[in-house]
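*Asks:* Contents of entry_21.csv (CSV, C-alpha atoms and all ligand atoms) are given next:
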chain,number,residue,atom,x,y,z
A,299,MET,CA,-7.9,14.0,-9.0
A,300,LYS,CA,-7.5,16.0,-12.2
A,301,ASN,CA,-3.9,17.2,-12.7
A,302,LYS,CA,-2.8,15.1,-9.7
A,303,VAL,CA,0.2,12.7,-10.0
A,304,VAL,CA,0.1,9.5,-8.1
A,305,ILE,CA,2.5,6.7,-7.4
A,306,VAL,CA,1.1,3.3,-6.4
A,307,THR,CA,3.6,0.6,-5.4
A,308,GLY,CA,2.6,-3.0,-5.7
A,309,GLY,CA,0.2,-1.7,-8.4
A,310,ALA,CA,0.3,-4.9,-10.5
A,311,SER,CA,-2.1,-6.8,-8.4
A,312,GLY,CA,-4.8,-6.8,-5.7
A,313,ILE,CA,-5.4,-3.6,-3.7
A,314,GLY,CA,-2.6,-1.7,-5.6
A,315,GLU,CA,-4.2,-2.6,-9.0
A,316,ALA,CA,-7.7,-1.5,-7.8
A,317,THR,CA,-6.2,1.7,-6.4
A,318,ALA,CA,-4.3,2.6,-9.5
A,319,VAL,CA,-7.4,2.0,-11.6
A,320,LEU,CA,-9.6,4.1,-9.3
A,321,PHE,CA,-7.2,7.1,-9.1
A,322,ALA,CA,-6.9,7.0,-12.9
A,323,ARG,CA,-10.7,6.9,-13.4
A,324,GLU,CA,-10.8,10.0,-11.2
A,325,GLY,CA,-8.5,11.8,-13.6
A,326,ALA,CA,-5.0,11.3,-12.0
A,327,SER,CA,-1.9,10.4,-13.9
A,328,VAL,CA,-0.8,7.2,-12.2
A,329,VAL,CA,2.7,5.6,-12.0
A,330,VAL,CA,2.0,1.9,-11.5
A,331,SER,CA,5.1,0.4,-9.9
A,332,ASP,CA,5.9,-3.2,-9.1
A,333,ILE,CA,8.5,-6.0,-9.5
A,334,GLN,CA,6.0,-7.9,-11.7
A,335,GLU,CA,6.6,-6.1,-15.0
A,336,GLU,CA,4.1,-8.0,-17.2
A,337,LYS,CA,1.2,-7.7,-14.8
A,338,GLY,CA,2.0,-4.1,-14.1
A,339,LYS,CA,2.1,-3.2,-17.8
A,340,LYS,CA,-1.3,-4.9,-18.2
A,341,VAL,CA,-2.8,-2.6,-15.5
A,342,VAL,CA,-1.4,0.4,-17.4
A,343,GLN,CA,-2.9,-0.9,-20.6
A,344,GLN,CA,-6.3,-1.3,-18.8
A,345,ILE,CA,-6.1,2.3,-17.6
A,346,VAL,CA,-5.1,3.7,-20.9
A,347,ALA,CA,-7.8,1.7,-22.8
A,348,ALA,CA,-10.4,3.3,-20.5
A,349,GLY,CA,-9.1,6.7,-21.4
A,350,GLY,CA,-6.8,7.3,-18.4
A,351,LYS,CA,-3.2,8.3,-18.0
A,352,ALA,CA,-0.7,5.8,-16.6
A,353,SER,CA,2.9,4.5,-16.9
A,354,PHE,CA,4.7,1.5,-15.5
A,355,PHE,CA,8.0,1.8,-13.6
A,356,MET,CA,9.7,-1.3,-12.2
A,357,ALA,CA,11.0,-0.9,-8.7
A,358,ASP,CA,11.7,-3.1,-5.8
A,359,VAL,CA,10.5,-1.2,-2.7
A,360,SER,CA,13.0,-2.9,-0.5
A,361,VAL,CA,15.9,-1.2,-2.3
A,362,ALA,CA,16.3,2.5,-1.3
A,363,GLU,CA,17.8,3.6,-4.7
A,364,GLU,CA,14.8,2.0,-6.6
A,365,ASN,CA,12.4,4.1,-4.5
A,366,GLU,CA,14.4,7.2,-5.4
A,367,ALA,CA,14.4,6.2,-9.1
A,368,LEU,CA,10.6,5.7,-8.9
A,369,VAL,CA,10.0,9.2,-7.5
A,370,ASN,CA,12.4,10.7,-10.1
A,371,PHE,CA,10.5,8.9,-12.9
A,372,ALA,CA,7.1,10.3,-11.7
A,373,VAL,CA,8.5,13.8,-11.5
A,374,LYS,CA,10.3,13.6,-14.8
A,375,THR,CA,7.2,12.1,-16.6
A,376,TYR,CA,4.4,14.1,-15.1
A,377,GLY,CA,6.2,17.1,-13.6
A,378,LYS,CA,5.5,16.6,-9.8
A,379,LEU,CA,4.3,14.2,-7.2
A,380,ASP,CA,1.0,14.8,-5.3
A,381,VAL,CA,0.1,11.4,-3.8
A,382,ALA,CA,2.0,8.2,-3.0
A,383,VAL,CA,0.3,5.0,-2.0
A,384,ASN,CA,2.9,2.7,-0.4
A,385,ASN,CA,1.1,-0.5,-0.9
A,386,ALA,CA,3.6,-3.2,-2.0
A,387,GLY,CA,3.8,-6.0,0.5
A,388,ILE,CA,4.3,-9.7,1.1
A,389,GLY,CA,2.8,-12.2,3.5
A,390,GLY,CA,6.0,-14.1,4.1
A,391,GLU,CA,6.9,-17.2,6.1
A,392,GLY,CA,4.0,-18.7,8.1
A,393,ASN,CA,6.0,-20.0,11.1
A,394,LYS,CA,5.9,-19.4,14.8
A,395,ILE,CA,8.8,-17.3,16.2
A,396,ALA,CA,11.0,-20.2,17.4
A,397,ASP,CA,10.8,-21.8,13.9
A,398,MET,CA,11.0,-18.6,11.8
A,399,SER,CA,14.1,-18.3,9.7
A,400,LEU,CA,16.3,-15.2,10.0
A,401,GLU,CA,15.9,-14.7,6.2
A,402,GLY,CA,12.1,-15.0,6.5
A,403,TRP,CA,12.1,-12.3,9.2
A,404,HIS,CA,14.4,-9.9,7.3
A,405,LYS,CA,12.6,-10.3,4.0
A,406,VAL,CA,9.2,-9.3,5.4
A,407,ILE,CA,10.6,-6.4,7.5
A,408,SER,CA,12.5,-5.2,4.4
A,409,VAL,CA,9.6,-5.4,1.9
A,410,ASN,CA,6.9,-4.3,4.3
A,411,LEU,CA,8.6,-1.8,6.6
A,412,ASP,CA,12.0,-0.6,5.3
A,413,SER,CA,10.1,0.2,2.1
A,414,LEU,CA,8.0,2.8,3.9
A,415,PHE,CA,11.1,4.6,5.2
A,416,TYR,CA,12.8,4.5,1.7
A,417,GLY,CA,9.6,5.4,-0.1
A,418,MET,CA,8.7,8.4,2.2
A,419,LYS,CA,12.2,9.6,2.3
A,420,TYR,CA,12.1,10.4,-1.4
A,421,GLN,CA,8.4,11.1,-1.8
A,422,ILE,CA,8.4,13.7,0.9
A,423,ALA,CA,11.4,15.5,-0.7
A,424,ALA,CA,9.5,15.7,-4.0
A,425,MET,CA,6.3,16.8,-2.2
A,426,LYS,CA,8.1,19.6,-0.3
A,427,LYS,CA,9.2,21.0,-3.7
A,428,ASN,CA,5.5,20.9,-4.8
A,429,GLY,CA,4.3,22.5,-1.5
A,430,ALA,CA,1.8,19.8,-0.8
A,431,GLY,CA,1.2,16.1,-0.8
A,432,SER,CA,-0.6,13.1,0.6
A,433,ILE,CA,0.9,9.7,1.5
A,434,VAL,CA,-1.1,6.6,2.2
A,435,ASN,CA,0.8,3.7,3.8
A,436,ILE,CA,-1.0,0.3,3.6
A,437,SER,CA,-0.8,-1.3,7.0
A,438,SER,CA,-3.4,-4.0,8.0
A,439,ILE,CA,-5.7,-4.9,10.9
A,440,LEU,CA,-2.5,-6.7,11.9
A,441,GLY,CA,-1.1,-3.2,12.5
A,442,SER,CA,-3.1,-3.3,15.7
A,443,VAL,CA,-3.6,-6.9,16.8
A,444,GLY,CA,-1.4,-10.0,16.6
A,445,PHE,CA,-1.8,-13.1,14.4
A,446,LEU,CA,-0.4,-16.5,15.0
A,447,GLY,CA,2.6,-17.5,12.8
A,448,SER,CA,3.0,-14.0,11.3
A,449,ALA,CA,5.4,-12.2,13.8
A,450,ALA,CA,7.4,-10.4,11.1
A,451,TYR,CA,4.3,-9.3,9.2
A,452,VAL,CA,2.5,-8.2,12.3
A,453,ALA,CA,5.7,-6.3,13.5
A,454,ALA,CA,6.1,-4.6,10.1
A,455,LYS,CA,2.4,-3.6,10.0
A,456,HIS,CA,2.6,-2.2,13.6
A,457,GLY,CA,5.8,-0.4,12.5
A,458,ALA,CA,3.9,1.1,9.6
A,459,LEU,CA,1.6,2.9,12.1
A,460,GLY,CA,4.6,4.2,14.1
A,461,ILE,CA,6.4,5.6,11.0
A,462,THR,CA,3.1,7.0,9.7
A,463,LYS,CA,2.4,8.9,12.9
A,464,THR,CA,5.9,10.3,13.2
A,465,ALA,CA,6.0,11.3,9.5
A,466,ALA,CA,2.7,13.1,10.0
A,467,LEU,CA,4.1,15.0,13.1
A,468,GLU,CA,7.2,16.0,11.1
A,469,TYR,CA,5.5,17.2,7.8
A,470,SER,CA,1.8,18.1,8.4
A,471,SER,CA,2.8,21.7,9.0
A,472,GLU,CA,4.3,21.6,5.5
A,473,ASN,CA,1.0,20.6,4.0
A,474,ILE,CA,1.9,16.9,3.6
A,475,ARG,CA,-0.6,14.6,5.1
A,476,ILE,CA,0.4,11.1,6.0
A,477,ASN,CA,-2.0,8.3,7.0
A,478,ALA,CA,-2.2,4.5,7.2
A,479,VAL,CA,-5.0,2.2,6.1
A,480,GLY,CA,-5.7,-1.1,7.8
A,481,PRO,CA,-7.5,-3.6,5.6
A,482,ALA,CA,-8.8,-6.9,7.1
A,483,PHE,CA,-8.5,-10.0,4.9
A,484,ILE,CA,-9.1,-8.9,1.3
A,485,ASP,CA,-9.6,-11.3,-1.5
A,486,THR,CA,-6.4,-10.9,-3.4
A,487,PRO,CA,-3.5,-13.2,-4.5
A,488,LEU,CA,-1.9,-12.5,-1.1
A,489,LEU,CA,-4.4,-15.1,0.3
A,490,ASP,CA,-3.6,-17.8,-2.2
A,491,ARG,CA,-1.4,-19.8,0.1
A,492,LEU,CA,-4.3,-20.2,2.7
A,493,ASP,CA,-6.2,-23.5,2.5
A,494,ASP,CA,-10.0,-23.5,2.3
A,495,GLU,CA,-10.5,-24.5,5.9
A,496,LEU,CA,-8.5,-21.6,7.2
A,497,LYS,CA,-10.2,-19.2,4.7
A,498,GLN,CA,-13.6,-20.2,6.2
A,499,LYS,CA,-12.3,-19.7,9.7
A,500,LEU,CA,-10.9,-16.3,8.8
A,501,ILE,CA,-14.2,-15.3,7.0
A,502,SER,CA,-16.1,-16.1,10.2
A,503,MET,CA,-13.9,-13.5,12.1
A,504,HIS,CA,-15.3,-10.7,9.9
A,505,PRO,CA,-18.8,-9.8,11.3
A,506,ILE,CA,-19.8,-8.8,7.8
A,507,GLY,CA,-19.4,-12.5,6.8
A,508,ARG,CA,-17.0,-12.3,3.9
A,509,PHE,CA,-13.5,-11.1,2.9
A,510,GLY,CA,-13.2,-7.6,1.6
A,511,LYS,CA,-12.7,-6.6,-2.0
A,512,SER,CA,-9.7,-4.6,-3.3
A,513,GLU,CA,-12.1,-2.0,-4.7
A,514,GLU,CA,-13.5,-1.4,-1.2
A,515,VAL,CA,-10.1,-0.6,0.1
A,516,ALA,CA,-9.2,1.6,-2.8
A,517,GLU,CA,-12.1,3.9,-2.0
A,518,ILE,CA,-10.7,4.9,1.4
A,519,ILE,CA,-7.2,5.3,-0.2
A,520,LEU,CA,-8.7,7.6,-2.8
A,521,TRP,CA,-10.4,9.7,-0.1
A,522,LEU,CA,-7.2,10.0,2.0
A,523,GLY,CA,-5.2,10.9,-1.1
A,524,SER,CA,-7.7,13.6,-2.1
A,525,ASP,CA,-8.2,17.1,-0.9
A,526,LYS,CA,-11.5,16.0,0.6
A,527,ALA,CA,-9.4,14.5,3.4
A,528,SER,CA,-7.8,17.9,4.1
A,529,PHE,CA,-8.0,17.5,8.0
A,530,ALA,CA,-6.9,13.9,8.1
A,531,THR,CA,-3.3,13.2,9.0
A,532,GLY,CA,-1.3,10.9,11.3
A,533,ALA,CA,-4.2,8.4,11.6
A,534,TYR,CA,-4.9,4.8,11.1
A,535,TYR,CA,-8.1,3.9,9.2
A,536,PRO,CA,-9.2,0.2,9.5
A,537,ILE,CA,-11.4,-1.0,6.7
A,538,ASP,CA,-12.3,-4.4,8.1
A,539,GLY,CA,-15.8,-5.6,7.9
A,540,GLY,CA,-16.0,-5.3,11.7
A,541,TYR,CA,-12.9,-7.6,12.3
A,542,LEU,CA,-11.5,-5.3,15.0
A,543,ALA,CA,-14.8,-4.9,16.7
A,544,ASN,CA,-14.7,-8.5,17.8
B,1,LIG,P1,-1.0,-8.8,-3.8
B,1,LIG,O1,-0.1,-10.0,-3.6
B,1,LIG,O2,-2.2,-9.0,-4.7
B,1,LIG,O3,-0.2,-7.5,-4.3
B,1,LIG,C1,1.0,-7.1,-3.8
B,1,LIG,C2,1.8,-6.6,-4.9
B,1,LIG,O4,3.1,-6.1,-4.4
B,1,LIG,C3,2.2,-7.6,-6.0
B,1,LIG,O5,1.9,-7.1,-7.3
B,1,LIG,C4,3.7,-7.8,-5.8
B,1,LIG,O6,4.4,-8.1,-7.0
B,1,LIG,C5,4.1,-6.5,-5.3
B,1,LIG,N1,5.4,-6.6,-4.5
B,1,LIG,C6,5.8,-7.6,-3.7
B,1,LIG,N2,7.0,-7.4,-3.3
B,1,LIG,C7,7.4,-6.2,-3.9
B,1,LIG,C8,8.7,-5.5,-3.9
B,1,LIG,N3,9.7,-5.9,-3.1
B,1,LIG,N4,8.7,-4.3,-4.6
B,1,LIG,C9,7.7,-3.9,-5.3
B,1,LIG,N5,6.5,-4.6,-5.4
B,1,LIG,C10,6.4,-5.7,-4.7
B,1,LIG,O7,-1.4,-8.4,-2.3
B,1,LIG,P2,-2.5,-7.4,-1.8
B,1,LIG,O8,-3.4,-8.2,-0.9
B,1,LIG,O9,-3.1,-6.5,-2.8
B,1,LIG,O10,-1.5,-6.5,-0.8
B,1,LIG,C11,-1.3,-5.2,-0.9
B,1,LIG,C12,-1.0,-4.6,0.4
B,1,LIG,O11,-2.1,-4.7,1.3
B,1,LIG,C13,0.2,-5.3,1.2
B,1,LIG,O12,0.9,-4.3,1.8
B,1,LIG,C14,-0.5,-6.2,2.1
B,1,LIG,O13,0.3,-6.5,3.3
B,1,LIG,C15,-1.7,-5.3,2.5
B,1,LIG,N6,-2.8,-6.0,3.1
B,1,LIG,C16,-3.4,-7.1,2.4
B,1,LIG,C17,-4.4,-7.8,3.0
B,1,LIG,C18,-5.1,-8.9,2.3
B,1,LIG,O14,-5.8,-9.7,3.0
B,1,LIG,N7,-5.0,-9.1,1.0
B,1,LIG,C19,-4.9,-7.4,4.3
B,1,LIG,C20,-4.3,-6.3,4.9
B,1,LIG,C21,-3.2,-5.7,4.3
Give the structure from this file in structure tokens form.
Ligand code: NAD
*Replies:*
Amino acid sequence: MKNKVVIVTGGASGIGEATAVLFAREGASVVVSDIQEEKGKKVVQQIVAAGGKASFFMADVSVAEENEALVNFAVKTYGKLDVAVNNAGIGGEGNKIADMSLEGWHKVISVNLDSLFYGMKYQIAAMKKNGAGSIVNISSILGSVGFLGSAAYVAAKHGALGITKTAALEYSSENIRINAVGPAFIDTPLLDRLDDELKQKLISMHPIGRFGKSEEVAEIILWLGSDKASFATGAYYPIDGGYLAN
């Protein structure tokens, strides 16, 4: 990752934080982006204290212009863009479809799916100038199976696979690889709203017998972002402790 410039959205917490730290440890210059400024800046401090290179840029991924500003910041600060990890996401309202609010639906679709279009629109333009790039979109196991009470989340994560495949068809010949990662339940603040009983039930759905760790997801994101994954594009990589094998 030496001399590589990487954007990680949702980099202030959980999977995004672990990913930013790992890319920086491998030598990349990392733009940590999030709507949580204080937490995001702490991640940058942690990276810099360990001898890495990182900057924070505040951007709401559900706003097109803020995605454009984020890419411009990365290019202005570090000269180019090599890798983008579109990770920011929310769980959203936990109601069945008949009880789901219109606002709840739109919010999740906007943060988890519109963001991938906005992000890639500007990231790809910068990567084309650079002649190469790798984009990793964070979907979920819920990009390939349903989940009660999470229609918007599940629809957005399925949509993430569709836009990933299409983007790969459109840009792989221009040396820009685009893939999706599908974590199962990972022990991050995203799971805070689940009660203990539900957590135990969910754990039992992972043959490996536990939730995943952010660091375990970051490893596959690093691989996809790196030149080691030079033949990988347009694909979906579950990282799920066996969840989808059930
Ligand atoms: P997290 O809550 O720890 O981190 C998400 C980060 O995204 C937070 O720092 C948050 O501030 C940021 N964010 C939220 N809305 C944003 C916005 N509009 N603009 C910019 N940043 C925003 O959650 P996590 O578990 O690390 O989730 C990261 C990604 O992984 C999400 O896309 C999530 O859907 C996906 N995922 C998580 C799990 C899991 O079980 N934790 C499983 C599968 C997929």
*Asks:* Just want the residues within 7 Å of ligand LIG 1 (chain B), written as a ChimeraX atom specification, counting only C-alpha atoms and all ligand atoms.
*Replies:* /A:307-314,331-334,357-360,385-389,409-410,436-439,480-489,512
*Asks:* Identify which of the residues A:Ser442, A:Asn428, A:Ser353, A:Thr531 lies closest to Ala318 of chain A, counting only C-alpha atoms when measuring atom-to-atom distances.
*Replies:* A:Ser353
*Asks:* Just want the 9 Å neighbourhood of Glu335 of chain A, counted on all atoms listed in the file, with same-chain residues fewer than 4 positions away dropped. Output as a PDB file with C-alpha atoms, in the frame of the given file.
*Replies:*
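Output saved as part.pdb:
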ATOM      1  CA  ALA A 310       0.300  -4.900 -10.500  1.00  0.00           C
ATOM      2  CA  SER A 331       5.100   0.400  -9.900  1.00  0.00           C
ATOM      3  CA  LYS A 339       2.100  -3.200 -17.800  1.00  0.00           C
ATOM      4  CA  LYS A 340      -1.300  -4.900 -18.200  1.00  0.00           C
ATOM      5  CA  PHE A 354       4.700   1.500 -15.500  1.00  0.00           C
ATOM      6  CA  PHE A 355       8.000   1.800 -13.600  1.00  0.00           C
ATOM      7  CA  MET A 356       9.700  -1.300 -12.200  1.00  0.00           C
TER       8      MET A 356
END
*Asks:* Which distance in Å separates atom CA of Val383 of chain A and atom CA of Val306 of chain A, to one decimal?
*Replies:*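 Separating atom CA of Val383 of chain A from atom CA of Val306 of chain A is a distance of 4.8 Å.
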*Asks:* Between A:Ala326, A:Met398, A:Ala478, A:Ile422, which one has atoms that come closest to Gly441 of chain A, using all atoms listed in the file?
*Replies:* A:Ala478
*Asks:* Please write as a VMD selection string the list of polymer residues whose atoms come within 8 Å of (5.4, -18.8, 10.8), counting all atoms listed in the file and keeping to the coordinates of the file.
*Replies:* chain A and resid 391 to 395 397 to 398 446 to 449
*Asks:* Please measure the separation of atom CA of Met425 of chain A and atom CA of Tyr469 of chain A, giving the value in Å to one decimal.
*Replies:*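 One can read the atom CA of Met425 of chain A to atom CA of Tyr469 of chain A distance as 10.0 Å.
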*Asks:* My list of candidates is A:Val434, A:Gly539, A:Val479, A:Lys419. Which is closest to Glu364 of chain A when distances are computed with all atoms listed in the file?
*Replies:*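 Looking only at the distances to Glu364 of chain A, the closest residue turns out to be A:Lys419.
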*Asks:* Using atom CA of Val329 of chain A and atom CA of Ala367 of chain A as the two end points, give the distance in Å to one decimal.
*Replies:*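 About the pair atom CA of Val329 of chain A and atom CA of Ala367 of chain A: they are 12.1 Å apart.
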*Asks:* Name all residues at most 12 Å from Ser471 of chain A (count all atoms listed in the file; drop same-chain ones fewer than 4 positions away) and give them as a list in words.
*Replies:*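 In the requested form, the answer reads Lys426, Gly429, Ala430, Gly431, Ala465, Ala466, Leu467, Arg475, Ile476, Phe529, Thr531 and Gly532 of chain A.
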*Asks:* Could N, CA and C atoms be built for segment 515-531 of chain A and written out as a short mmCIF file (atom, residue, chain, number, x, y, z; two decimals), in the frame of the given file?
*Replies:*
data_model
loop_
_atom_site.label_atom_id
_atom_site.label_comp_id
_atom_site.auth_asym_id
_atom_site.auth_seq_id
_atom_site.Cartn_x
_atom_site.Cartn_y
_atom_site.Cartn_z
N VAL A 515 -11.22 -1.25 -0.52
CA VAL A 515 -10.10 -0.60 0.10
C VAL A 515 -9.62 0.60 -0.66
N ALA A 516 -9.67 0.46 -1.97
CA ALA A 516 -9.20 1.60 -2.80
C ALA A 516 -10.02 2.85 -2.56
N GLU A 517 -11.30 2.71 -2.20
CA GLU A 517 -12.10 3.90 -2.00
C GLU A 517 -11.59 4.76 -0.84
N ILE A 518 -11.16 4.12 0.25
CA ILE A 518 -10.70 4.90 1.40
C ILE A 518 -9.27 5.49 1.07
N ILE A 519 -8.52 4.76 0.25
CA ILE A 519 -7.20 5.30 -0.20
C ILE A 519 -7.40 6.52 -1.03
N LEU A 520 -8.38 6.44 -1.93
CA LEU A 520 -8.70 7.60 -2.80
C LEU A 520 -9.07 8.80 -1.94
N TRP A 521 -9.94 8.55 -0.96
CA TRP A 521 -10.40 9.70 -0.10
C TRP A 521 -9.20 10.29 0.63
N LEU A 522 -8.35 9.45 1.22
CA LEU A 522 -7.20 10.00 2.00
C LEU A 522 -6.23 10.72 1.04
N GLY A 523 -6.13 10.25 -0.19
CA GLY A 523 -5.20 10.90 -1.10
C GLY A 523 -5.79 12.24 -1.64
N SER A 524 -7.10 12.40 -1.55
CA SER A 524 -7.70 13.60 -2.10
C SER A 524 -7.80 14.76 -1.17
N ASP A 525 -8.11 15.92 -1.72
CA ASP A 525 -8.20 17.10 -0.90
C ASP A 525 -9.47 17.07 0.01
N LYS A 526 -10.38 16.13 -0.26
CA LYS A 526 -11.50 16.00 0.60
C LYS A 526 -11.12 15.56 2.02
N ALA A 527 -9.94 14.94 2.13
CA ALA A 527 -9.40 14.50 3.40
C ALA A 527 -8.49 15.53 4.04
N SER A 528 -8.79 16.82 3.81
CA SER A 528 -7.80 17.90 4.10
C SER A 528 -7.50 18.00 5.64
N PHE A 529 -8.34 17.42 6.51
CA PHE A 529 -8.00 17.50 8.00
C PHE A 529 -7.55 16.16 8.51
N ALA A 530 -7.32 15.21 7.63
CA ALA A 530 -6.90 13.90 8.10
C ALA A 530 -5.42 13.69 7.94
N THR A 531 -4.75 13.51 9.08
CA THR A 531 -3.30 13.20 9.00
C THR A 531 -2.89 12.46 10.30
#
